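In what follows, a structure is listed as structure tokens, so that the remarks can point back to it.
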Amino acid sequence: ANLRTDIAALGLARDEDMFETEDHVAYGCEVMRYLIAGDDVAVANLTRQREFFTRHLQPWLPAMCKAL
């Protein structure tokens, strides 16, 4: 729920057809790409990148990669 709220605040939405863990990882990476390469400085900036990564990827991504 926190992820959906945060991506909605960025003007993005999760694809309802994405159910597999890998798809969620891919979507998190795609949001990071948007935050890094986006044209809107109000949205695509280092602060937002750090917040999104710290909140939504860093807590579980290393453990998932280790498990795979």
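The chains in the structure tokens are called A, B, ... from first to last as shown; in each chain the residues are counted from 1, and the ligands are counted from 1 in the order shown.
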
* Asked: Skipping near chain neighbours, those fewer than 6 positions away, what residues fall within 10 Å of range 1-16 of chain A using only C-alpha atoms, listed as a PyMOL selection string?
  -> chain A and resi 23-24+27-28+31+34-35+42-44+48+51-52+55-56

From CA of Glu30 in chain A to CA of Pro59 in chain A the spacing works out at 17.4 Å

Near Leu57 in chain A, within 10 Å and counting only C-alpha atoms, which residues show up once chain neighbours fewer than 3 positions away are dropped, as a ChimeraX atom specification?
/A:25,28-29,32,51-54,60-62

Just-selected residues, N, CA and C atoms written as an mmCIF file, in the first residue's frame:
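Result file follows (out_7.cif):
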```
data_model
loop_
_atom_site.group_PDB
_atom_site.id
_atom_site.type_symbol
_atom_site.label_atom_id
_atom_site.label_comp_id
_atom_site.auth_asym_id
_atom_site.auth_seq_id
_atom_site.Cartn_x
_atom_site.Cartn_y
_atom_site.Cartn_z
ATOM 1 N N VAL A 25 10.147 -6.298 -9.003
ATOM 2 C CA VAL A 25 11.523 -5.809 -9.000
ATOM 3 C C VAL A 25 11.747 -4.950 -10.235
ATOM 4 N N GLY A 28 10.078 -1.623 -9.740
ATOM 5 C CA GLY A 28 10.853 -0.769 -8.844
ATOM 6 C C GLY A 28 12.053 -0.165 -9.553
ATOM 7 N N CYS A 29 12.712 -0.964 -10.383
ATOM 8 C CA CYS A 29 13.847 -0.454 -11.165
ATOM 9 C C CYS A 29 13.383 0.574 -12.196
ATOM 10 N N MET A 32 12.887 3.771 -10.449
ATOM 11 C CA MET A 32 14.193 4.386 -10.208
ATOM 12 C C MET A 32 14.720 5.037 -11.491
ATOM 13 N N GLU A 51 14.869 8.573 -1.325
ATOM 14 C CA GLU A 51 13.677 8.195 -0.553
ATOM 15 C C GLU A 51 13.041 6.918 -1.095
ATOM 16 N N PHE A 52 12.868 6.857 -2.422
ATOM 17 C CA PHE A 52 12.228 5.684 -3.020
ATOM 18 C C PHE A 52 13.085 4.442 -2.811
ATOM 19 N N PHE A 53 14.375 4.541 -3.093
ATOM 20 C CA PHE A 53 15.260 3.389 -2.946
ATOM 21 C C PHE A 53 15.291 2.908 -1.500
ATOM 22 N N THR A 54 15.475 3.815 -0.579
ATOM 23 C CA THR A 54 15.578 3.461 0.836
ATOM 24 C C THR A 54 14.290 2.844 1.364
ATOM 25 N N TRP A 60 14.510 -5.066 1.041
ATOM 26 C CA TRP A 60 14.295 -6.463 0.673
ATOM 27 C C TRP A 60 15.045 -6.933 -0.561
ATOM 28 N N LEU A 61 15.513 -6.032 -1.396
ATOM 29 C CA LEU A 61 16.156 -6.426 -2.651
ATOM 30 C C LEU A 61 17.416 -7.257 -2.438
ATOM 31 N N PRO A 62 18.327 -6.885 -1.519
ATOM 32 C CA PRO A 62 19.516 -7.730 -1.324
ATOM 33 C C PRO A 62 19.163 -9.154 -0.893
#
```
